[in-house]
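S.K.: Structure: input.txt, compact mmCIF, C-alpha atoms.
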# COMPACT_ATOMS: atom_id res chain seq x y z
CA MET M 7 8.51 -34.68 43.65
CA ASN M 8 11.44 -36.82 42.51
CA GLY M 9 13.84 -35.87 39.74
CA LYS M 10 12.14 -37.97 37.09
CA LYS M 11 8.74 -36.45 37.79
CA MET M 12 10.22 -32.96 37.69
CA LEU M 13 11.75 -33.61 34.27
CA GLU M 14 8.49 -35.02 32.96
CA THR M 15 6.55 -32.01 34.27
CA ALA M 16 9.06 -29.60 32.75
CA ALA M 17 8.81 -31.37 29.39
CA VAL M 18 5.02 -31.15 29.45
CA LEU M 19 5.08 -27.46 30.36
CA GLY M 20 7.71 -26.76 27.72
CA GLY M 21 5.69 -28.57 25.10
CA ALA M 22 2.56 -26.65 26.04
CA ALA M 23 4.44 -23.34 25.82
CA ALA M 24 5.87 -24.25 22.43
CA LEU M 25 2.43 -25.23 21.15
CA THR M 26 0.89 -22.01 22.48
CA THR M 27 3.61 -19.98 20.76
CA ALA M 28 3.18 -21.81 17.47
CA VAL M 29 -0.61 -21.42 17.52
CA GLY M 30 -0.32 -17.74 18.47
CA ALA M 31 2.20 -17.09 15.69
CA TRP M 32 -0.02 -18.84 13.15
CA CYS M 33 -3.06 -16.83 14.22
CA GLY M 34 -1.05 -13.61 14.04
CA TYR M 35 0.18 -14.47 10.55
CA ARG M 36 -3.24 -15.54 9.32
CA THR M 37 -4.94 -12.41 10.66
CA ALA M 38 -2.44 -9.84 9.43
CA PHE M 39 -0.52 -11.27 6.50
CA GLN M 40 -2.04 -14.35 4.88
CA ALA M 41 -3.78 -13.89 1.54
CA ASP M 42 -7.47 -14.72 1.78
CA PRO M 43 -9.88 -13.80 -1.06
CA ARG M 44 -12.74 -13.88 1.44
CA ARG M 45 -11.15 -11.02 3.37
CA GLN M 46 -10.36 -8.84 0.37
CA SER M 47 -12.88 -6.04 0.04
CA PRO M 48 -15.02 -6.31 -3.09
CA ILE M 49 -14.42 -3.55 -5.61
CA GLN M 50 -17.79 -1.93 -5.07
CA GLU M 51 -17.93 -2.32 -1.29
CA ILE M 52 -17.15 0.98 0.42
CA PRO M 53 -15.89 0.65 4.02
CA GLU M 54 -17.88 1.90 6.98
CA GLY M 55 -16.61 4.77 9.10
CA GLU M 56 -13.70 7.16 8.47
CA GLY M 57 -16.15 9.51 6.70
CA PHE M 58 -16.83 7.22 3.76
CA ASP M 59 -20.61 7.51 4.13
CA ASP M 60 -20.62 11.12 2.93
CA TYR M 61 -18.89 10.19 -0.35
CA ARG M 62 -20.25 6.69 -0.95
CA GLU M 63 -22.39 7.54 -3.99
CA GLN M 64 -19.64 9.58 -5.63
CA MET M 65 -17.12 6.81 -5.07
CA LEU M 66 -19.45 4.16 -6.48
CA GLU M 67 -20.05 6.31 -9.57
CA ASN M 68 -16.30 6.73 -10.10
CA ILE M 69 -15.74 2.99 -9.66
CA HIS M 70 -18.44 2.28 -12.24
CA ILE M 71 -16.77 4.64 -14.74
CA LEU M 72 -13.40 2.97 -14.16
CA LEU M 73 -14.81 -0.52 -14.57
CA GLU M 74 -16.32 0.49 -17.92
CA ALA M 75 -13.01 1.85 -19.26
CA PRO M 76 -11.09 -0.33 -21.74
CA TYR M 77 -7.74 -1.65 -20.57
CA GLU M 78 -4.96 -4.07 -21.46
CA ARG M 79 -4.14 -6.87 -19.02
CA VAL M 80 -0.38 -6.92 -18.46
CA THR M 81 1.94 -9.03 -16.32
CA VAL M 82 5.45 -8.96 -14.85
CA ARG M 83 7.45 -11.52 -12.87
CA SER M 84 8.47 -10.59 -9.32
CA HIS M 85 11.99 -11.03 -7.94
CA ASP M 86 10.81 -14.18 -6.17
CA GLY M 87 9.00 -15.68 -9.14
CA LEU M 88 5.38 -14.56 -8.69
CA LYS M 89 3.24 -13.56 -11.64
CA LEU M 90 1.94 -10.06 -10.98
CA VAL M 91 -1.03 -8.76 -12.94
CA GLY M 92 -2.00 -5.20 -13.77
CA LYS M 93 -4.31 -3.14 -15.96
CA PHE M 94 -2.91 -0.62 -18.43
CA TYR M 95 -5.14 2.26 -19.53
CA GLU M 96 -3.70 4.03 -22.55
CA GLY M 97 -3.54 7.82 -22.64
CA LYS M 98 -2.40 10.36 -25.19
CA PRO M 99 0.94 10.06 -27.03
CA GLY M 100 3.74 11.70 -25.08
CA ALA M 101 1.70 11.91 -21.85
CA PRO M 102 3.13 10.86 -18.47
CA LEU M 103 2.29 7.51 -16.92
CA ILE M 104 0.83 7.09 -13.44
CA LEU M 105 1.83 3.83 -11.76
CA PHE M 106 -0.80 3.39 -9.02
CA PHE M 107 -0.63 1.00 -6.04
CA HIS M 108 -3.69 0.17 -3.93
CA GLY M 109 -3.94 -0.50 -0.21
CA TYR M 110 -4.18 -3.45 2.15
CA ARG M 111 -6.78 -6.07 1.17
CA SER M 112 -8.22 -3.60 -1.32
CA THR M 113 -8.22 -3.02 -5.09
CA ALA M 114 -6.82 -0.41 -7.45
CA GLU M 115 -10.27 0.10 -8.95
CA ARG M 116 -11.64 1.23 -5.61
CA ASP M 117 -8.67 3.06 -4.12
CA GLY M 118 -7.76 4.78 -7.39
CA SER M 119 -11.25 5.53 -8.69
CA GLY M 120 -11.05 9.24 -7.90
CA GLY M 121 -7.59 9.84 -9.31
CA PHE M 122 -8.48 7.79 -12.37
CA GLN M 123 -10.96 10.45 -13.45
CA LEU M 124 -8.29 13.15 -13.35
CA CYS M 125 -5.86 10.95 -15.25
CA ARG M 126 -8.41 10.38 -18.01
CA GLU M 127 -9.22 14.09 -18.22
CA LYS M 128 -5.54 14.91 -18.61
CA GLY M 129 -4.90 12.09 -21.08
CA TRP M 130 -2.31 10.41 -18.85
CA HIS M 131 -1.46 6.75 -19.17
CA ILE M 132 -2.37 4.69 -16.10
CA LEU M 133 -0.99 1.36 -14.91
CA MET M 134 -2.84 -0.21 -11.96
CA PRO M 135 -1.25 -3.42 -10.64
CA ASP M 136 -2.85 -5.87 -8.27
CA GLN M 137 -0.42 -6.01 -5.37
CA ARG M 138 1.00 -9.46 -4.56
CA ALA M 139 -1.52 -11.69 -2.78
CA HIS M 140 -4.34 -9.49 -4.09
CA GLY M 141 -6.65 -9.79 -7.07
CA GLU M 142 -5.14 -11.75 -9.95
CA SER M 143 -1.56 -11.45 -8.72
CA GLU M 144 0.05 -14.51 -7.20
CA GLY M 145 1.35 -14.79 -3.65
CA ASP M 146 0.33 -16.12 -0.26
CA THR M 147 1.60 -13.32 1.97
CA ILE M 148 0.99 -9.58 2.27
CA THR M 149 4.21 -8.04 3.60
CA PHE M 150 3.18 -4.42 4.25
CA GLY M 151 5.59 -3.09 1.60
CA VAL M 152 8.65 -5.17 2.52
CA ARG M 153 8.44 -7.38 -0.58
CA GLU M 154 5.99 -5.15 -2.47
CA ARG M 155 8.68 -2.47 -2.83
CA LEU M 156 10.59 -4.81 -5.15
CA ASP M 157 7.38 -5.50 -7.08
CA CYS M 158 7.12 -1.73 -7.53
CA LEU M 159 10.62 -1.74 -9.00
CA ALA M 160 9.63 -4.51 -11.43
CA TRP M 161 6.54 -2.58 -12.53
CA ALA M 162 8.52 0.66 -12.91
CA ARG M 163 11.07 -1.10 -15.12
CA TYR M 164 8.26 -2.60 -17.20
CA ALA M 165 6.62 0.83 -17.56
CA ALA M 166 9.89 2.53 -18.52
CA LYS M 167 10.63 -0.08 -21.16
CA ARG M 168 7.12 0.11 -22.55
CA MET M 169 6.82 3.90 -22.59
CA GLY M 170 10.34 4.71 -23.75
CA PRO M 171 12.84 7.34 -22.62
CA ASP M 172 10.61 10.39 -23.16
CA ALA M 173 7.60 9.49 -21.01
CA PRO M 174 7.76 10.66 -17.37
CA ILE M 175 6.55 8.14 -14.78
CA PHE M 176 5.10 9.01 -11.38
CA LEU M 177 4.56 6.47 -8.61
CA TRP M 178 1.32 7.00 -6.69
CA GLY M 179 0.08 4.88 -3.81
CA ILE M 180 -2.57 4.94 -1.12
CA SER M 181 -2.34 3.42 2.38
CA MET M 182 -0.18 0.27 2.07
CA GLY M 183 0.33 1.27 -1.57
CA ALA M 184 1.77 4.56 -0.32
CA ALA M 185 4.15 2.66 1.95
CA THR M 186 5.06 0.50 -1.06
CA VAL M 187 6.09 3.43 -3.25
CA LEU M 188 7.91 5.14 -0.37
CA MET M 189 9.85 1.94 0.34
CA ALA M 190 10.87 1.91 -3.31
CA ALA M 191 12.35 5.41 -2.97
CA ASP M 192 15.89 4.15 -2.38
CA LEU M 193 15.84 1.46 -5.08
CA PRO M 194 17.48 1.83 -8.53
CA LEU M 195 14.32 3.03 -10.27
CA PRO M 196 14.46 3.93 -13.99
CA GLU M 197 15.55 7.46 -14.77
CA THR M 198 12.15 8.26 -16.24
CA VAL M 199 10.55 7.91 -12.79
CA ARG M 200 10.21 11.56 -11.81
CA GLY M 201 8.49 11.53 -8.42
CA ILE M 202 6.48 9.74 -5.75
CA VAL M 203 3.01 10.59 -4.44
CA ALA M 204 2.11 8.87 -1.16
CA ASP M 205 -1.42 9.22 0.22
CA CYS M 206 -1.94 8.19 3.89
CA GLY M 207 1.04 5.83 4.01
CA PHE M 208 2.40 4.37 7.25
CA ASP M 209 5.97 4.98 8.35
CA THR M 210 6.96 1.43 9.39
CA PRO M 211 5.33 -2.02 9.11
CA ALA M 212 5.96 -2.64 12.81
CA GLY M 213 4.44 0.73 13.66
CA ILE M 214 1.21 0.11 11.79
CA VAL M 215 0.84 -3.36 13.33
CA LYS M 216 1.12 -1.78 16.79
CA GLU M 217 -1.22 1.05 15.84
CA THR M 218 -3.84 -1.41 14.59
CA ILE M 219 -3.67 -3.38 17.83
CA ARG M 220 -4.06 -0.17 19.85
CA HIS M 221 -6.87 1.13 17.63
CA ARG M 222 -8.85 -2.08 18.11
CA ARG M 223 -8.13 -2.06 21.85
CA TRP M 224 -6.52 -5.47 21.77
CA PRO M 225 -3.74 -6.40 24.24
CA MET M 226 -0.31 -5.48 22.86
CA PHE M 227 1.08 -8.53 24.66
CA PRO M 228 0.97 -11.23 23.47
CA LEU M 229 -0.59 -10.12 20.13
CA TYR M 230 2.31 -8.04 18.83
CA PRO M 231 5.04 -10.64 19.57
CA PHE M 232 2.88 -13.40 18.09
CA THR M 233 2.23 -11.32 14.93
CA VAL M 234 5.93 -10.53 14.49
CA LEU M 235 6.81 -14.18 15.00
CA GLY M 236 4.09 -15.26 12.57
CA ALA M 237 5.50 -12.97 9.88
CA ARG M 238 8.94 -14.51 10.32
CA TRP M 239 7.93 -18.16 10.66
CA PHE M 240 5.10 -18.40 8.14
CA GLY M 241 5.53 -15.32 5.94
CA LYS M 242 9.34 -15.59 5.72
CA PHE M 243 9.86 -11.86 6.27
CA SER M 244 10.42 -9.47 9.15
CA VAL M 245 8.28 -6.43 9.90
CA THR M 246 11.46 -4.61 10.96
CA GLU M 247 13.76 -5.44 8.03
CA THR M 248 12.88 -2.23 6.17
CA SER M 249 10.41 0.63 6.35
CA ALA M 250 9.26 3.74 4.52
CA LEU M 251 11.00 5.79 7.22
CA ASP M 252 14.34 4.11 6.49
CA CYS M 253 13.95 4.31 2.72
CA VAL M 254 13.05 8.00 2.48
CA ARG M 255 16.21 8.78 4.42
CA ARG M 256 18.04 7.59 1.28
CA ALA M 257 15.53 8.94 -1.27
CA ARG M 258 16.66 10.90 -4.31
CA LEU M 259 13.30 11.48 -5.99
CA PRO M 260 10.95 14.30 -4.95
CA ILE M 261 8.06 13.14 -2.78
CA LEU M 262 4.55 14.51 -2.23
CA LEU M 263 2.95 13.31 1.00
CA ILE M 264 -0.83 13.62 1.47
CA HIS M 265 -2.65 12.68 4.64
CA GLY M 266 -6.04 13.19 6.26
CA GLU M 267 -5.88 14.91 9.62
CA ALA M 268 -8.78 12.78 10.92
CA ASP M 269 -7.22 9.47 9.87
CA HIS M 270 -7.82 6.92 12.64
CA VAL M 271 -6.22 4.01 10.75
CA VAL M 272 -2.84 5.52 9.87
CA PRO M 273 -2.24 8.54 12.13
CA CYS M 274 -1.32 11.80 10.41
CA ASP M 275 1.76 12.02 12.64
CA MET M 276 3.26 9.21 10.56
CA ALA M 277 3.23 11.54 7.52
CA ARG M 278 4.97 14.22 9.57
CA SER M 279 7.63 11.72 10.63
CA LEU M 280 8.19 10.78 6.99
CA ARG M 281 8.47 14.42 6.01
CA TYR M 282 11.15 15.17 8.59
CA ALA M 283 13.09 12.01 7.68
CA CYS M 284 13.05 12.54 3.92
CA ALA M 285 16.44 13.23 2.34
CA SER M 286 15.02 14.45 -0.98
CA GLU M 287 12.70 17.33 -1.81
CA VAL M 288 9.43 16.73 0.03
CA GLN M 289 6.03 18.40 0.29
CA LEU M 290 3.24 17.59 2.75
CA LEU M 291 -0.47 18.31 2.28
CA THR M 292 -2.70 17.51 5.25
CA VAL M 293 -6.46 17.62 4.76
CA PRO M 294 -8.57 18.71 7.75
CA GLY M 295 -11.50 16.42 8.48
CA ALA M 296 -10.35 13.65 6.13
CA GLY M 297 -10.37 10.07 7.35
CA HIS M 298 -8.27 7.24 5.99
CA GLY M 299 -7.97 7.25 2.21
CA ILE M 300 -10.59 9.91 1.47
CA SER M 301 -8.55 13.11 1.27
CA TRP M 302 -9.29 13.16 -2.46
CA TYR M 303 -13.01 13.43 -1.81
CA VAL M 304 -12.90 15.70 1.24
CA ASP M 305 -10.87 18.42 -0.48
CA MET M 306 -10.54 17.58 -4.15
CA PRO M 307 -9.43 21.11 -5.22
CA ALA M 308 -6.52 21.14 -2.75
CA TYR M 309 -5.52 17.56 -3.58
CA GLN M 310 -5.61 18.11 -7.34
CA ALA M 311 -3.80 21.45 -7.11
CA ALA M 312 -0.98 19.92 -5.04
CA LEU M 313 -0.72 16.93 -7.37
CA LEU M 314 -0.67 19.02 -10.56
CA ARG M 315 1.90 21.47 -9.17
CA PHE M 316 4.09 18.59 -8.08
CA MET M 317 3.92 16.83 -11.44
CA GLU M 318 4.42 19.98 -13.48
CA ALA M 319 7.47 20.92 -11.40
CA HIS M 320 9.11 17.52 -11.94
CA MET M 321 7.91 16.49 -15.38
CA GLU M 322 11.30 17.16 -16.99
Any chance you could put this one into structure tokens?
M.R.:
Amino acid sequence: MNGKKMLETAAVLGGAAALTTAVGAWCGYRTAFQADPRRQSPIQEIPEGEGFDDYREQMLENIHILLEAPYERVTVRSHDGLKLVGKFYEGKPGAPLILFFHGYRSTAERDGSGGFQLCREKGWHILMPDQRAHGESEGDTITFGVRERLDCLAWARYAAKRMGPDAPIFLWGISMGAATVLMAADLPLPETVRGIVADCGFDTPAGIVKETIRHRRWPMFPLYPFTVLGARWFGKFSVTETSALDCVRRARLPILLIHGEADHVVPCDMARSLRYACASEVQLLTVPGAGHGISWYVDMPAYQAALLRFMEAHME
């Protein structure tokens, strides 16, 4: 083969490799991070597996009660200009406010339906945002808490301004929502934010991407590199630029971690890693037999007791 042919062959091979990389990165981005209403779970669709079947009827009843409750539609503007939408449920005068963040491709009405009942019984105010790229909130990309942490800060500032200096605020999140509130732990939150409750949150975005690939028995190579590249090229963020693990190392607020010991989506060991890394006061409740996101239903007495003790201890 002469020199010219060799150069032409190399150019063709290089072009094919570049195209393969671009297509792989796009597929990784579209699968993991791109907003798609068709892939967002409907409010009243309970997932299969992880023990949900045993609590399906109870969950659907709680969702129905929540959907019937009156609320005020409220909005804030994100740091990068997105309109974020939430629902505010008014409680009793002087009561604390729960700022609740839902999980990946889910809704606050489903993920928070159990806790909502307790909040109403206690007369607490509740603010349930749609995370960016979910529900009514704007956005094209889900960033696994990397950008959502700053949305949490915007919502906390809105809540503090609305409620005034005497109303305690607690951040509460589940799954990706838990990672969101944990990643906000080192941000300049309003002084009225008293604590963080994180239910089955992952420790790092990169870690949960890898865990998902392993759990689904997909090949780590080339899927993980393509997914990371897709986040950077098309989502304009990096899965390694920040993490809950990094942020709790600088946390000042007390944190309550809750995790199901039978969680096959976000391993319980991630909660233990967060506990050992946390610089502030931290408590960990693990629930035997609980799959992903259902600790509330598997052991409601233990969950509620831990939550109430935590809030009462840090209300002032």
S.K.: Take the point (1.1, 18.5, -13.3) in the file's coordinates, draw a sphere of radius 12 Å around it, and report as a PyMOL selection string every protein, DNA or RNA residue with an atom inside or on it, counting only C-alpha atoms.
M.R.: chain M and resi 101-104+124-125+128-130+174-176+200-201+309-322
S.K.: Residues near Ala114 in chain M, anyone? I mean within 9 Å using only C-alpha atoms, not counting same-chain ones fewer than 4 positions away, as a PyMOL selection string.
M.R.: chain M and resi 49+106-109+118-119+134-137
S.K.: What does the structure give for the distance between CA of Gly97 in chain M and CA of His131 in chain M, in Å to one decimal?
M.R.: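 So the two atoms, CA of Gly97 in chain M and CA of His131 in chain M, lie 4.2 Å apart.
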S.K.: I want to know what sits within 8 Å of Glu56 in chain M, based on only C-alpha atoms, with residues of the same chain fewer than 3 positions away left out; could you give that as a list in words?
M.R.: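 Listed by chain and then number, they are Ala268, Asp269, His270, Ala296, Gly297 and His298 of chain M.
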S.K.: Can you pull out the residues contacting Ser181 in chain M? Cut-off 7 Å, using all atoms listed in the file, and skip same-chain residues under 5 positions away; I want them as a list of chain:residue names.
M.R.: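 Everything that qualifies: M:Gly109, M:Asp205, M:Cys206, M:Gly207, M:Phe208, M:Gly299.
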S.K.: Output C-alpha atoms for every residue in the selection just made, as a compact mmCIF listing (two decimals), in the coordinates of the input.
M.R.:
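After the write, again.txt holds the following:
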# COMPACT_ATOMS: atom_id res chain seq x y z
CA GLY M 109 -3.94 -0.50 -0.21
CA ASP M 205 -1.42 9.22 0.22
CA CYS M 206 -1.94 8.19 3.89
CA GLY M 207 1.04 5.83 4.01
CA PHE M 208 2.40 4.37 7.25
CA GLY M 299 -7.97 7.25 2.21
S.K.: Quick one: of M:Pro228, M:Gly213, M:Glu96, M:Asp117, who's nearest to Thr26 in chain M, counting all atoms listed in the file?
M.R.: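 Comparing M:Pro228, M:Gly213, M:Glu96, M:Asp117 against Thr26 in chain M, the winner is M:Pro228.
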S.K.: Give me, please, the distance in Å between CA of Trp161 in chain M and CA of Pro194 in chain M, quoted to one decimal.
M.R.: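 If I compute the distance from CA of Trp161 in chain M to CA of Pro194 in chain M, I get 12.5 Å.
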S.K.: Using only C-alpha atoms, find the one residue out of M:Met189, M:Ala23, M:Leu72, M:Ala139 that sits nearest to Gly241 in chain M.
M.R.: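 Residue with the minimum atom-to-atom distance to Gly241 in chain M: M:Ala139.
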S.K.: To one decimal in Å, tell me the separation between CA of Asp60 in chain M and CA of Arg220 in chain M.
M.R.: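 If I compute the distance from CA of Asp60 in chain M to CA of Arg220 in chain M, I get 26.2 Å.
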S.K.: Name all residues at most 6 Å from Leu133 in chain M (count only C-alpha atoms; drop same-chain ones fewer than 5 positions away) and give them as a PyMOL selection string.
M.R.: chain M and resi 93-94+105
